[in-house]
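S.K.: Provided herewith is a single structure, encoded as structure tokens, for subsequent inquiry.
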Amino acid sequence: MDLQTLTGEPWDDYGLIDSGHGRKLERYGRFRFIRPEPQAMWAPARDDWQADGEFIPGSDEEGGGRWFYERPVPAEGWPLRWNEVTFQSSCTPFRHLGFFPDMAPVWDWMRGKIVDKAEAQVMNLFGYTGVGTLATAAAGAQMVHVDASRKSVAQARANAALSGLEDRPVRWIVDDAAKFVAREVRRGRRYDGILLDPPKYGRGPDGEVWRLEEDLPGLIANCRQLLDADSRFLFLTVYAVRMSALAIGELLKQAFADLPGAVEAGELAVREEARGLSLPTAIWARWSR
């Protein structure tokens, strides 16, 4: 399997300005932030970074850390825009800014897959704050958005209102993703597309435990049952560095061996504005036709 790279380019409200020495400097609207980035092993283009805030990681392997600010940043967040979607960005305790900008090429690719499919049914698992859901809904899909966090789903609905997309057909579901998919299989449901961006570790609303290496194969097998020969895609992204793109690509090849179409795999990356280099961020695999 030949690996591919999907590279996110800068847009008006987001850009990777510079990177190096284990950090990255990004712009989110009118604010600039520095965050840890182990993949940035090279030297930065400049050493005089100016930022509104920086996330300093904790000293233990479990992560953690906190934000330090040079200038005031709104605690409630500030609006950003990607095409038709307006959403709230904010400095979260988990070092990110309330969405994942490297997913932009994935949103574009999904929109292209359903643009000629009337009333396409698409499910976004681990949907977080809903930018991917709204990007696909804006292209005409009927969406099912699933996340175990009530707070994240509430933010996703607020982002729909912020975008003027609250009238689009979206079912907002607070549930454990694996349990919801299993129920959809029992109901005999089908989808035209599925996007899933599972965490390495997580808990459902009723204390369900998710462990990526153990639970991903079963979830993929159930997702396969929700797709048929007329479906368009399944797109999987993984941020756990111990996995490889080849591994998740082979997992999908096995699960979708009986359907027409192709399985591809590779890396997600973001284009740095300073020099044009690609900063890798995640791995992905997809089935599509």
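Note on naming: chains are A, B, ... as they come in the structure tokens, residues start from 1 per chain, ligands start from 1 in the order shown.
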What's around Asn124 of chain A at 9 Å? Count only C-alpha atoms, leave out sequence neighbours fewer than 3 positions away in its own chain, and write the answer as a PyMOL selection string.
M.R.: chain A and resi 127+130+132-133+143-147+193-197
S.K.: Could you write out that same residue set with C-alpha atoms as a compact mmCIF listing (two decimals), in the first residue's frame?
M.R.:
# COMPACT_ATOMS: atom_id res chain seq x y z
CA GLY A 127 -17.54 14.44 16.62
CA GLY A 130 -18.86 19.71 15.31
CA GLY A 132 -16.50 18.45 10.55
CA THR A 133 -20.22 17.76 11.03
CA MET A 143 -25.71 14.22 9.61
CA VAL A 144 -25.60 12.14 12.77
CA HIS A 145 -23.12 13.67 15.23
CA VAL A 146 -22.05 11.42 18.12
CA ASP A 147 -19.85 12.33 21.08
CA GLY A 193 -20.30 7.93 4.83
CA ILE A 194 -18.68 7.66 8.25
CA LEU A 195 -15.99 9.86 9.78
CA LEU A 196 -14.33 8.66 12.96
CA ASP A 197 -11.58 10.34 14.95
S.K.: Using only C-alpha atoms, which residues sit within 12 Å of segment 148-163 of chain A once same-chain residues fewer than 5 positions away are excluded, as a PyMOL selection string?
M.R.: chain A and resi 76-90+92+98-99+124-138+168-180+198-199+202-210
S.K.: Separation of atom CA of Ala104 of chain A and atom CA of Ala247 of chain A, in Å?
M.R.: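 Interatomic distance here is 23.3 Å.
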S.K.: Using DSSP on the backbone coordinates, identify all residues within segment 26-248 of chain A classified as strand (DSSP E); present the result as an MDAnalysis selection string.
M.R.: chainID A and resid 26:28 31:36 53:57 65:69 78:82 85:89 121:125 142:147 170:174 193:196 201:203 209:211 233:238
S.K.: Please provide as a list in words all residues within 12 Å of Lys200 of chain A, with the sequence filter that same-chain residues fewer than 3 positions apart are discarded (counting only C-alpha atoms).
M.R.: Glu62, Phe126, Asp197, Arg203, Val209, Trp210, Arg211, Leu212, Glu213, Glu214, Asp215, Leu216, Thr237, Val238, Tyr239, Ala240, Val241, Arg242 and Met243 of chain A
S.K.: With N, CA and C atoms retained, could you export that selection as a PDB file, in the first residue's frame?
M.R.:
ATOM      1  N   GLU A  62       1.767  11.360  31.420  1.00  0.00           N
ATOM      2  CA  GLU A  62       0.328  11.347  31.229  1.00  0.00           C
ATOM      3  C   GLU A  62      -0.174  12.639  30.594  1.00  0.00           C
ATOM      4  N   PHE A 126     -17.208  10.456  17.497  1.00  0.00           N
ATOM      5  CA  PHE A 126     -16.252  11.255  18.268  1.00  0.00           C
ATOM      6  C   PHE A 126     -16.211  12.667  17.655  1.00  0.00           C
ATOM      7  N   ASP A 197     -12.829   9.763  14.459  1.00  0.00           N
ATOM      8  CA  ASP A 197     -11.581  10.342  14.949  1.00  0.00           C
ATOM      9  C   ASP A 197     -11.429   9.946  16.418  1.00  0.00           C
ATOM     10  N   ARG A 203     -13.700   7.894  28.014  1.00  0.00           N
ATOM     11  CA  ARG A 203     -14.814   7.329  28.783  1.00  0.00           C
ATOM     12  C   ARG A 203     -16.128   7.826  28.215  1.00  0.00           C
ATOM     13  N   VAL A 209     -15.376   2.498  29.025  1.00  0.00           N
ATOM     14  CA  VAL A 209     -13.950   2.752  28.801  1.00  0.00           C
ATOM     15  C   VAL A 209     -13.601   2.440  27.352  1.00  0.00           C
ATOM     16  N   TRP A 210     -12.928   3.363  26.698  1.00  0.00           N
ATOM     17  CA  TRP A 210     -12.456   3.178  25.328  1.00  0.00           C
ATOM     18  C   TRP A 210     -10.939   3.113  25.330  1.00  0.00           C
ATOM     19  N   ARG A 211     -10.386   2.032  24.777  1.00  0.00           N
ATOM     20  CA  ARG A 211      -8.937   1.899  24.583  1.00  0.00           C
ATOM     21  C   ARG A 211      -8.702   1.612  23.105  1.00  0.00           C
ATOM     22  N   LEU A 212      -7.996   2.511  22.446  1.00  0.00           N
ATOM     23  CA  LEU A 212      -7.895   2.489  20.994  1.00  0.00           C
ATOM     24  C   LEU A 212      -7.412   1.147  20.452  1.00  0.00           C
ATOM     25  N   GLU A 213      -6.279   0.656  20.954  1.00  0.00           N
ATOM     26  CA  GLU A 213      -5.706  -0.565  20.393  1.00  0.00           C
ATOM     27  C   GLU A 213      -6.630  -1.767  20.569  1.00  0.00           C
ATOM     28  N   GLU A 214      -7.383  -1.789  21.669  1.00  0.00           N
ATOM     29  CA  GLU A 214      -8.256  -2.928  21.939  1.00  0.00           C
ATOM     30  C   GLU A 214      -9.602  -2.814  21.230  1.00  0.00           C
ATOM     31  N   ASP A 215     -10.147  -1.605  21.146  1.00  0.00           N
ATOM     32  CA  ASP A 215     -11.538  -1.442  20.735  1.00  0.00           C
ATOM     33  C   ASP A 215     -11.729  -1.009  19.284  1.00  0.00           C
ATOM     34  N   LEU A 216     -10.665  -0.521  18.628  1.00  0.00           N
ATOM     35  CA  LEU A 216     -10.837  -0.041  17.261  1.00  0.00           C
ATOM     36  C   LEU A 216     -11.270  -1.132  16.277  1.00  0.00           C
ATOM     37  N   THR A 237      -9.149   8.715  11.323  1.00  0.00           N
ATOM     38  CA  THR A 237      -7.916   9.392  11.711  1.00  0.00           C
ATOM     39  C   THR A 237      -7.496   8.916  13.087  1.00  0.00           C
ATOM     40  N   VAL A 238      -6.194   8.821  13.296  1.00  0.00           N
ATOM     41  CA  VAL A 238      -5.633   8.333  14.554  1.00  0.00           C
ATOM     42  C   VAL A 238      -4.457   9.219  14.941  1.00  0.00           C
ATOM     43  N   TYR A 239      -4.460   9.686  16.177  1.00  0.00           N
ATOM     44  CA  TYR A 239      -3.382  10.548  16.671  1.00  0.00           C
ATOM     45  C   TYR A 239      -2.428   9.793  17.601  1.00  0.00           C
ATOM     46  N   ALA A 240      -2.668   8.500  17.826  1.00  0.00           N
ATOM     47  CA  ALA A 240      -1.792   7.719  18.706  1.00  0.00           C
ATOM     48  C   ALA A 240      -0.508   7.373  17.954  1.00  0.00           C
ATOM     49  N   VAL A 241       0.618   7.849  18.433  1.00  0.00           N
ATOM     50  CA  VAL A 241       1.856   7.731  17.674  1.00  0.00           C
ATOM     51  C   VAL A 241       2.375   6.301  17.601  1.00  0.00           C
ATOM     52  N   ARG A 242       1.929   5.405  18.478  1.00  0.00           N
ATOM     53  CA  ARG A 242       2.454   4.044  18.447  1.00  0.00           C
ATOM     54  C   ARG A 242       1.833   3.223  17.325  1.00  0.00           C
ATOM     55  N   MET A 243       0.772   3.697  16.714  1.00  0.00           N
ATOM     56  CA  MET A 243       0.191   3.015  15.565  1.00  0.00           C
ATOM     57  C   MET A 243       0.840   3.534  14.290  1.00  0.00           C
TER      58      MET A 243
END
S.K.: Could you check which of A:Leu251, A:Leu219, A:Met103, A:Val73 is closest to Glu267 of chain A, using only C-alpha atoms?
M.R.: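 Smallest distance to Glu267 of chain A is found for A:Met103.
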S.K.: Quote the spacing between atom CA of Met1 of chain A and atom CA of Gln254 of chain A in Å to one decimal place.
M.R.: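 Those two atoms sit 13.0 Å apart.
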